[in-house]
$ cat upload_2.pdb   # PDB, C-alpha atoms
ATOM      1  CA  MET A   1      16.287 -10.326  64.246  1.00  0.00           C
ATOM      2  CA  ILE A   2      16.540  -9.990  60.480  1.00  0.00           C
ATOM      3  CA  THR A   3      19.552  -9.171  58.318  1.00  0.00           C
ATOM      4  CA  LEU A   4      18.736  -7.758  54.907  1.00  0.00           C
ATOM      5  CA  ARG A   5      20.865  -7.693  51.796  1.00  0.00           C
ATOM      6  CA  TYR A   6      20.109  -4.714  49.602  1.00  0.00           C
ATOM      7  CA  LYS A   7      21.231  -2.968  46.438  1.00  0.00           C
ATOM      8  CA  LYS A   8      22.273   0.653  46.342  1.00  0.00           C
ATOM      9  CA  GLU A   9      22.187   2.046  42.811  1.00  0.00           C
ATOM     10  CA  ASP A  10      20.927   4.801  40.493  1.00  0.00           C
ATOM     11  CA  SER A  11      20.360   8.110  42.333  1.00  0.00           C
ATOM     12  CA  ALA A  12      20.824   6.451  45.738  1.00  0.00           C
ATOM     13  CA  ILE A  13      24.597   6.186  45.182  1.00  0.00           C
ATOM     14  CA  PHE A  14      24.792   9.904  45.932  1.00  0.00           C
ATOM     15  CA  VAL A  15      23.107   9.517  49.342  1.00  0.00           C
ATOM     16  CA  SER A  16      25.646   9.687  52.191  1.00  0.00           C
ATOM     17  CA  HIS A  17      25.677   7.033  54.919  1.00  0.00           C
ATOM     18  CA  ILE A  18      24.200   9.433  57.492  1.00  0.00           C
ATOM     19  CA  ASP A  19      21.361  10.388  55.147  1.00  0.00           C
ATOM     20  CA  LEU A  20      20.881   6.725  54.270  1.00  0.00           C
ATOM     21  CA  LEU A  21      20.352   5.921  57.952  1.00  0.00           C
ATOM     22  CA  LYS A  22      17.669   8.611  58.108  1.00  0.00           C
ATOM     23  CA  GLN A  23      16.009   7.187  55.004  1.00  0.00           C
ATOM     24  CA  PHE A  24      16.018   3.659  56.447  1.00  0.00           C
ATOM     25  CA  ILE A  25      14.257   4.872  59.577  1.00  0.00           C
ATOM     26  CA  LYS A  26      11.595   6.507  57.400  1.00  0.00           C
ATOM     27  CA  ILE A  27      11.214   3.371  55.259  1.00  0.00           C
ATOM     28  CA  ILE A  28      10.808   1.182  58.347  1.00  0.00           C
ATOM     29  CA  ASN A  29       8.270   3.560  59.887  1.00  0.00           C
ATOM     30  CA  ARG A  30       6.266   3.727  56.644  1.00  0.00           C
ATOM     31  CA  SER A  31       6.323  -0.079  56.505  1.00  0.00           C
ATOM     32  CA  LYS A  32       4.893  -0.264  60.054  1.00  0.00           C
ATOM     33  CA  ILE A  33       7.554  -2.729  61.191  1.00  0.00           C
ATOM     34  CA  ASN A  34       7.995  -3.236  64.935  1.00  0.00           C
ATOM     35  CA  VAL A  35      11.680  -2.588  65.690  1.00  0.00           C
ATOM     36  CA  GLU A  36      13.368  -2.657  69.087  1.00  0.00           C
ATOM     37  CA  TYR A  37      14.882   0.551  70.466  1.00  0.00           C
ATOM     38  CA  SER A  38      17.930   1.080  72.628  1.00  0.00           C
ATOM     39  CA  LYS A  39      17.505   2.025  76.284  1.00  0.00           C
ATOM     40  CA  GLY A  40      18.454   5.309  77.951  1.00  0.00           C
ATOM     41  CA  PHE A  41      17.677   9.012  77.574  1.00  0.00           C
ATOM     42  CA  HIS A  42      17.963   9.018  73.770  1.00  0.00           C
ATOM     43  CA  PRO A  43      16.575   5.693  72.514  1.00  0.00           C
ATOM     44  CA  HIS A  44      17.277   4.933  68.867  1.00  0.00           C
ATOM     45  CA  MET A  45      16.113   2.263  66.459  1.00  0.00           C
ATOM     46  CA  GLN A  46      18.437  -0.736  66.605  1.00  0.00           C
ATOM     47  CA  LEU A  47      19.858  -0.947  63.083  1.00  0.00           C
ATOM     48  CA  TYR A  48      23.351  -2.242  62.346  1.00  0.00           C
ATOM     49  CA  PHE A  49      24.935  -1.499  58.967  1.00  0.00           C
ATOM     50  CA  THR A  50      28.089  -2.895  57.434  1.00  0.00           C
ATOM     51  CA  THR A  51      31.006  -0.578  56.541  1.00  0.00           C
ATOM     52  CA  PRO A  52      29.635   2.575  54.835  1.00  0.00           C
ATOM     53  CA  LEU A  53      29.769   2.642  51.053  1.00  0.00           C
ATOM     54  CA  PRO A  54      31.570   5.679  49.543  1.00  0.00           C
ATOM     55  CA  VAL A  55      29.335   8.245  47.850  1.00  0.00           C
ATOM     56  CA  GLY A  56      29.158   7.548  44.116  1.00  0.00           C
ATOM     57  CA  VAL A  57      29.728   3.780  44.411  1.00  0.00           C
ATOM     58  CA  SER A  58      26.910   1.317  43.709  1.00  0.00           C
ATOM     59  CA  SER A  59      26.529  -2.102  45.318  1.00  0.00           C
ATOM     60  CA  ASP A  60      24.768  -5.442  45.011  1.00  0.00           C
ATOM     61  CA  SER A  61      25.966  -6.499  48.439  1.00  0.00           C
ATOM     62  CA  GLU A  62      25.042  -4.137  51.290  1.00  0.00           C
ATOM     63  CA  TYR A  63      23.639  -5.377  54.608  1.00  0.00           C
ATOM     64  CA  VAL A  64      21.664  -4.078  57.547  1.00  0.00           C
ATOM     65  CA  THR A  65      20.633  -6.039  60.657  1.00  0.00           C
ATOM     66  CA  ILE A  66      17.341  -5.015  62.261  1.00  0.00           C
ATOM     67  CA  TYR A  67      16.282  -5.987  65.762  1.00  0.00           C
ATOM     68  CA  THR A  68      12.708  -7.180  65.298  1.00  0.00           C
ATOM     69  CA  GLU A  69      10.572 -10.151  66.305  1.00  0.00           C
ATOM     70  CA  GLU A  70       8.915 -10.247  62.892  1.00  0.00           C
ATOM     71  CA  LYS A  71       9.774 -13.151  60.585  1.00  0.00           C
ATOM     72  CA  THR A  72       9.486 -11.500  57.172  1.00  0.00           C
ATOM     73  CA  ILE A  73       9.620  -7.831  56.236  1.00  0.00           C
ATOM     74  CA  ILE A  74      11.264  -7.628  52.809  1.00  0.00           C
ATOM     75  CA  ASP A  75       8.125  -7.125  50.698  1.00  0.00           C
ATOM     76  CA  ARG A  76       6.807  -4.356  52.933  1.00  0.00           C
ATOM     77  CA  LEU A  77      10.167  -2.590  52.884  1.00  0.00           C
ATOM     78  CA  ASN A  78      10.410  -2.695  49.096  1.00  0.00           C
ATOM     79  CA  GLU A  79       6.894  -1.282  48.795  1.00  0.00           C
ATOM     80  CA  LYS A  80       7.915   1.764  50.867  1.00  0.00           C
ATOM     81  CA  SER A  81      11.550   2.106  49.792  1.00  0.00           C
ATOM     82  CA  ILE A  82      13.130   5.004  47.926  1.00  0.00           C
ATOM     83  CA  GLY A  83      14.487   4.856  44.377  1.00  0.00           C
ATOM     84  CA  GLY A  84      17.768   3.017  44.116  1.00  0.00           C
ATOM     85  CA  ILE A  85      17.389   1.003  47.343  1.00  0.00           C
ATOM     86  CA  VAL A  86      16.134  -2.522  46.654  1.00  0.00           C
ATOM     87  CA  PHE A  87      16.030  -5.246  49.303  1.00  0.00           C
ATOM     88  CA  THR A  88      16.971  -8.578  47.708  1.00  0.00           C
ATOM     89  CA  LYS A  89      17.185 -11.167  50.526  1.00  0.00           C
ATOM     90  CA  GLU A  90      16.354 -11.511  54.217  1.00  0.00           C
ATOM     91  CA  TYR A  91      17.918 -13.805  56.808  1.00  0.00           C
ATOM     92  CA  VAL A  92      16.311 -14.497  60.192  1.00  0.00           C
ATOM     93  CA  SER A  93      18.657 -15.328  63.101  1.00  0.00           C
ATOM     94  CA  ASN A  94      18.512 -15.506  66.875  1.00  0.00           C
ATOM     95  CA  GLU A  95      21.742 -13.570  67.381  1.00  0.00           C
ATOM     96  CA  ASN A  96      23.353 -10.525  65.805  1.00  0.00           C
ATOM     97  CA  PRO A  97      25.695 -11.806  63.047  1.00  0.00           C
ATOM     98  CA  LYS A  98      27.996  -8.813  63.771  1.00  0.00           C
ATOM     99  CA  LEU A  99      28.859  -8.351  60.133  1.00  0.00           C
ATOM    100  CA  THR A 100      30.786  -5.117  60.648  1.00  0.00           C
ATOM    101  CA  LYS A 101      33.189  -6.984  62.925  1.00  0.00           C
ATOM    102  CA  ASN A 102      33.340 -10.190  60.877  1.00  0.00           C
ATOM    103  CA  ILE A 103      33.681  -8.848  57.315  1.00  0.00           C
ATOM    104  CA  ASP A 104      37.269  -8.208  56.193  1.00  0.00           C
ATOM    105  CA  LYS A 105      37.148  -8.139  52.364  1.00  0.00           C
ATOM    106  CA  ALA A 106      34.958  -6.765  49.583  1.00  0.00           C
ATOM    107  CA  SER A 107      35.103  -7.326  45.828  1.00  0.00           C
ATOM    108  CA  TYR A 108      34.458  -4.614  43.244  1.00  0.00           C
ATOM    109  CA  VAL A 109      34.034  -4.336  39.497  1.00  0.00           C
ATOM    110  CA  VAL A 110      34.762  -1.003  37.821  1.00  0.00           C
ATOM    111  CA  LYS A 111      33.751  -0.355  34.212  1.00  0.00           C
ATOM    112  CA  VAL A 112      36.649   1.270  32.360  1.00  0.00           C
ATOM    113  CA  ASN A 113      37.701   2.188  28.830  1.00  0.00           C
ATOM    114  CA  LEU A 114      41.459   1.708  28.843  1.00  0.00           C
ATOM    115  CA  THR A 115      43.952   1.407  26.022  1.00  0.00           C
ATOM    116  CA  ASP A 116      46.429  -1.464  26.034  1.00  0.00           C
ATOM    117  CA  LEU A 117      49.113   0.962  27.249  1.00  0.00           C
ATOM    118  CA  GLU A 118      46.888   2.156  30.100  1.00  0.00           C
ATOM    119  CA  VAL A 119      46.125  -1.444  31.112  1.00  0.00           C
ATOM    120  CA  ALA A 120      49.867  -2.089  31.316  1.00  0.00           C
ATOM    121  CA  LYS A 121      50.391   1.067  33.379  1.00  0.00           C
ATOM    122  CA  VAL A 122      47.610   0.183  35.866  1.00  0.00           C
ATOM    123  CA  ASN A 123      49.002  -3.341  36.245  1.00  0.00           C
ATOM    124  CA  GLU A 124      52.469  -1.918  36.879  1.00  0.00           C
ATOM    125  CA  PHE A 125      51.075   0.516  39.435  1.00  0.00           C
ATOM    126  CA  LEU A 126      49.197  -2.206  41.321  1.00  0.00           C
ATOM    127  CA  SER A 127      52.222  -4.514  41.316  1.00  0.00           C
ATOM    128  CA  ARG A 128      54.438  -1.979  43.111  1.00  0.00           C
ATOM    129  CA  PRO A 129      55.777  -3.133  46.488  1.00  0.00           C
ATOM    130  CA  SER A 130      54.310  -0.018  48.118  1.00  0.00           C
ATOM    131  CA  ILE A 131      51.298   2.161  47.259  1.00  0.00           C
ATOM    132  CA  VAL A 132      51.014   5.206  49.502  1.00  0.00           C
ATOM    133  CA  LEU A 133      47.742   7.118  49.727  1.00  0.00           C
ATOM    134  CA  GLN A 134      46.888  10.270  51.614  1.00  0.00           C
ATOM    135  CA  VAL A 135      43.727   9.695  53.623  1.00  0.00           C
ATOM    136  CA  MET A 136      41.897  11.879  56.115  1.00  0.00           C
ATOM    137  CA  ARG A 137      42.087  10.548  59.681  1.00  0.00           C
ATOM    138  CA  LYS A 138      40.740  12.447  62.655  1.00  0.00           C
ATOM    139  CA  GLY A 139      40.660  15.642  60.621  1.00  0.00           C
ATOM    140  CA  GLU A 140      44.249  15.356  59.385  1.00  0.00           C
ATOM    141  CA  LEU A 141      45.863  13.994  56.244  1.00  0.00           C
ATOM    142  CA  ALA A 142      47.906  10.875  56.890  1.00  0.00           C
ATOM    143  CA  GLU A 143      50.042   8.821  54.499  1.00  0.00           C
ATOM    144  CA  THR A 144      49.335   5.089  54.490  1.00  0.00           C
ATOM    145  CA  ASP A 145      50.812   2.199  52.519  1.00  0.00           C
ATOM    146  CA  VAL A 146      47.721   0.398  51.252  1.00  0.00           C
ATOM    147  CA  LYS A 147      49.483  -2.294  49.246  1.00  0.00           C
ATOM    148  CA  PRO A 148      48.800  -4.941  51.959  1.00  0.00           C
ATOM    149  CA  LEU A 149      45.096  -4.036  51.716  1.00  0.00           C
ATOM    150  CA  ILE A 150      44.861  -4.988  48.023  1.00  0.00           C
ATOM    151  CA  TYR A 151      44.284  -8.754  48.001  1.00  0.00           C
ATOM    152  CA  ASP A 152      43.913  -9.356  44.282  1.00  0.00           C
ATOM    153  CA  TYR A 153      43.127  -7.529  41.052  1.00  0.00           C
ATOM    154  CA  LYS A 154      42.528  -8.023  37.352  1.00  0.00           C
ATOM    155  CA  VAL A 155      42.716  -5.251  34.765  1.00  0.00           C
ATOM    156  CA  SER A 156      41.427  -5.350  31.187  1.00  0.00           C
ATOM    157  CA  ASN A 157      40.364  -2.781  28.602  1.00  0.00           C
ATOM    158  CA  GLN A 158      36.755  -2.878  29.812  1.00  0.00           C
ATOM    159  CA  SER A 159      36.953  -3.675  33.527  1.00  0.00           C
ATOM    160  CA  PHE A 160      39.025  -3.353  36.663  1.00  0.00           C
ATOM    161  CA  GLU A 161      38.233  -6.043  39.238  1.00  0.00           C
ATOM    162  CA  CYS A 162      39.711  -6.055  42.721  1.00  0.00           C
ATOM    163  CA  THR A 163      39.288  -7.366  46.243  1.00  0.00           C
ATOM    164  CA  LEU A 164      40.143  -4.869  48.967  1.00  0.00           C
ATOM    165  CA  ALA A 165      40.262  -4.790  52.752  1.00  0.00           C
ATOM    166  CA  CYS A 166      36.885  -3.870  54.213  1.00  0.00           C
ATOM    167  CA  GLY A 167      36.126  -3.095  57.845  1.00  0.00           C
ATOM    168  CA  ASN A 168      39.134  -2.435  60.052  1.00  0.00           C
ATOM    169  CA  PRO A 169      41.442  -1.859  58.245  1.00  0.00           C
ATOM    170  CA  ASN A 170      39.507  -0.541  55.269  1.00  0.00           C
ATOM    171  CA  LEU A 171      40.591   0.539  51.774  1.00  0.00           C
ATOM    172  CA  ARG A 172      37.970   2.596  49.984  1.00  0.00           C
ATOM    173  CA  ILE A 173      37.614   1.912  46.280  1.00  0.00           C
ATOM    174  CA  ASP A 174      37.199   5.630  45.535  1.00  0.00           C
ATOM    175  CA  TYR A 175      40.532   6.444  47.198  1.00  0.00           C
ATOM    176  CA  LEU A 176      42.285   3.811  45.104  1.00  0.00           C
ATOM    177  CA  ILE A 177      40.688   4.993  41.860  1.00  0.00           C
ATOM    178  CA  LYS A 178      41.591   8.611  42.644  1.00  0.00           C
ATOM    179  CA  LYS A 179      45.224   7.616  43.239  1.00  0.00           C
ATOM    180  CA  ILE A 180      45.382   5.658  39.963  1.00  0.00           C
ATOM    181  CA  ASN A 181      43.947   8.629  38.042  1.00  0.00           C
ATOM    182  CA  GLU A 182      46.393  11.057  39.664  1.00  0.00           C
ATOM    183  CA  GLU A 183      49.449   8.866  39.088  1.00  0.00           C
ATOM    184  CA  LEU A 184      48.664   7.640  35.585  1.00  0.00           C
ATOM    185  CA  SER A 185      46.431  10.403  34.137  1.00  0.00           C
ATOM    186  CA  THR A 186      43.699   7.864  33.483  1.00  0.00           C
ATOM    187  CA  ASP A 187      40.004   8.755  33.513  1.00  0.00           C
ATOM    188  CA  ILE A 188      38.378   6.031  35.604  1.00  0.00           C
ATOM    189  CA  HIS A 189      35.037   7.199  36.980  1.00  0.00           C
ATOM    190  CA  ILE A 190      34.175   6.386  40.574  1.00  0.00           C
ATOM    191  CA  THR A 191      30.500   6.188  39.597  1.00  0.00           C
ATOM    192  CA  ASN A 192      31.351   3.205  37.362  1.00  0.00           C
ATOM    193  CA  SER A 193      32.423   1.128  40.376  1.00  0.00           C
ATOM    194  CA  ARG A 194      30.196  -1.482  41.984  1.00  0.00           C
ATOM    195  CA  LYS A 195      30.651  -3.662  45.058  1.00  0.00           C
ATOM    196  CA  ILE A 196      29.610  -7.203  44.184  1.00  0.00           C
ATOM    197  CA  SER A 197      30.342  -9.252  47.306  1.00  0.00           C
ATOM    198  CA  GLN A 198      31.745  -9.211  50.854  1.00  0.00           C
ATOM    199  CA  PHE A 199      33.589 -11.928  52.780  1.00  0.00           C
ATOM    200  CA  ILE A 200      33.858 -13.196  56.358  1.00  0.00           C
ATOM    201  CA  SER A 201      37.339 -13.000  57.912  1.00  0.00           C
ATOM    202  CA  GLU A 202      37.322 -16.210  59.950  1.00  0.00           C
ATOM    203  CA  THR A 203      36.115 -18.602  57.256  1.00  0.00           C
ATOM    204  CA  GLY A 204      36.654 -16.757  53.961  1.00  0.00           C
ATOM    205  CA  GLU A 205      33.070 -17.503  52.886  1.00  0.00           C
ATOM    206  CA  ASN A 206      30.900 -14.854  51.341  1.00  0.00           C
ATOM    207  CA  VAL A 207      28.336 -13.157  53.550  1.00  0.00           C
ATOM    208  CA  GLU A 208      25.362 -14.895  51.915  1.00  0.00           C
ATOM    209  CA  ASP A 209      26.730 -18.352  52.746  1.00  0.00           C
ATOM    210  CA  TYR A 210      27.583 -17.241  56.280  1.00  0.00           C
ATOM    211  CA  LEU A 211      24.078 -15.895  56.915  1.00  0.00           C
ATOM    212  CA  GLU A 212      22.509 -19.049  55.525  1.00  0.00           C
ATOM    213  CA  ARG A 213      24.699 -21.168  57.792  1.00  0.00           C
ATOM    214  CA  ILE A 214      23.863 -19.362  61.046  1.00  0.00           C
ATOM    215  CA  LYS A 215      20.111 -19.227  60.462  1.00  0.00           C
TER     216      LYS A 215
END

$ encode --input "upload_2.pdb" --output "structure tokens"
Amino acid sequence: MITLRYKKEDSAIFVSHIDLLKQFIKIINRSKINVEYSKGFHPHMQLYFTTPLPVGVSSDSEYVTIYTEEKTIIDRLNEKSIGGIVFTKEYVSNENPKLTKNIDKASYVVKVNLTDLEVAKVNEFLSRPSIVLQVMRKGELAETDVKPLIYDYKVSNQSFECTLACGNPNLRIDYLIKKINEELSTDIHITNSRKISQFISETGENVEDYLERIK
């Protein structure tokens, strides 16, 4: 099988995860790649994505594992890909790396334009002992303290960098930005946020090093 790292940027940031899955199936079919299918009455292409990226957020560090016996597919995929989806690395392995299960953190950089006073306010907000967000769960709004899900952060006039829980539990960067804007009347744009890396829970290494190690 092959795990691919890919970028999601430009117009593709507005493609939902469900629509992205549909697009990947089309890209793979156009590339004439032999992919294994599940068994049963409704067989589906065996693709395994990491935690879905929120709409409006770009990324350098998304992953999909594809069940295939082929040894290289990246060039063919890029030839048939859609705008904003660029495959940057492929890793061949004998077993599913189970990235959705093994990833527990993701790092983001958000471009901002904050005054010194706003930087101080955001730092104060993030240093609170409790940060409660309202998130939709099973069709209902639920209040959750997400402070334990914020692992580190750095705020300046031009950028907001943070590492958040990813997987289960998961803290979405767009939810955090929305809360900051509501509480502090800042104007941080979700579309200025970019995921730059993801990390493995057991070892703390980034996904690229993990995939290289298990090849």

$ residues_around --input "upload_2.pdb" --residues "Leu176 in chain A" --least-positions-apart "3" --cutoff "10 Å" --atoms "only C-alpha atoms" --output "list in words"
Leu126, Ile131, Val132, Leu133, Val146, Ile150, Leu164, Leu171, Arg172, Ile173, Lys179, Ile180, Asn181, Glu182 and Ile190 of chain A

$ residues_near_point --input "upload_2.pdb" --point "(16.2, 4.9, 54.1)" --cutoff "12 Å" --atoms "all atoms listed in the file" --output "ChimeraX atom specification"
/A:6,8,12,15-31,47,49,64,77-78,80-87

$ residues_around --input "upload_2.pdb" --residues "range 198-213 of chain A" --least-positions-apart "6" --cutoff "8 Å" --atoms "all atoms listed in the file" --output "PyMOL selection string"
chain A and resi 61+91+97+99+102-107

$ atom_distance --input "upload_2.pdb" --atom1 "CA of Thr65 in chain A" --atom2 "CA of Pro169 in chain A"
21.4 Å

$ resolve_selection --input "upload_2.pdb" --expression "the PyMOL selection byres ((chain A and resi 74) around 8)" --output "PyMOL selection string"
chain A and resi 4+72-73+75-78+87-90

$ atom_distance --input "upload_2.pdb" --atom1 "CA of Ser197 in chain A" --atom2 "CA of Glu62 in chain A"
8.4 Å

$ resolve_selection --input "upload_2.pdb" --expression "the PyMOL selection byres ((chain A and resi 46) around 8)" --output "PyMOL selection string"
chain A and resi 35-38+44-45+47-48+66-67

$ write_last_selection --input "upload_2.pdb" --atoms "C-alpha atoms" --output "compact mmCIF listing (two decimals), keeping the file's coordinate frame"
# COMPACT_ATOMS: atom_id res chain seq x y z
CA VAL A 35 11.68 -2.59 65.69
CA GLU A 36 13.37 -2.66 69.09
CA TYR A 37 14.88 0.55 70.47
CA SER A 38 17.93 1.08 72.63
CA HIS A 44 17.28 4.93 68.87
CA MET A 45 16.11 2.26 66.46
CA LEU A 47 19.86 -0.95 63.08
CA TYR A 48 23.35 -2.24 62.35
CA ILE A 66 17.34 -5.01 62.26
CA TYR A 67 16.28 -5.99 65.76
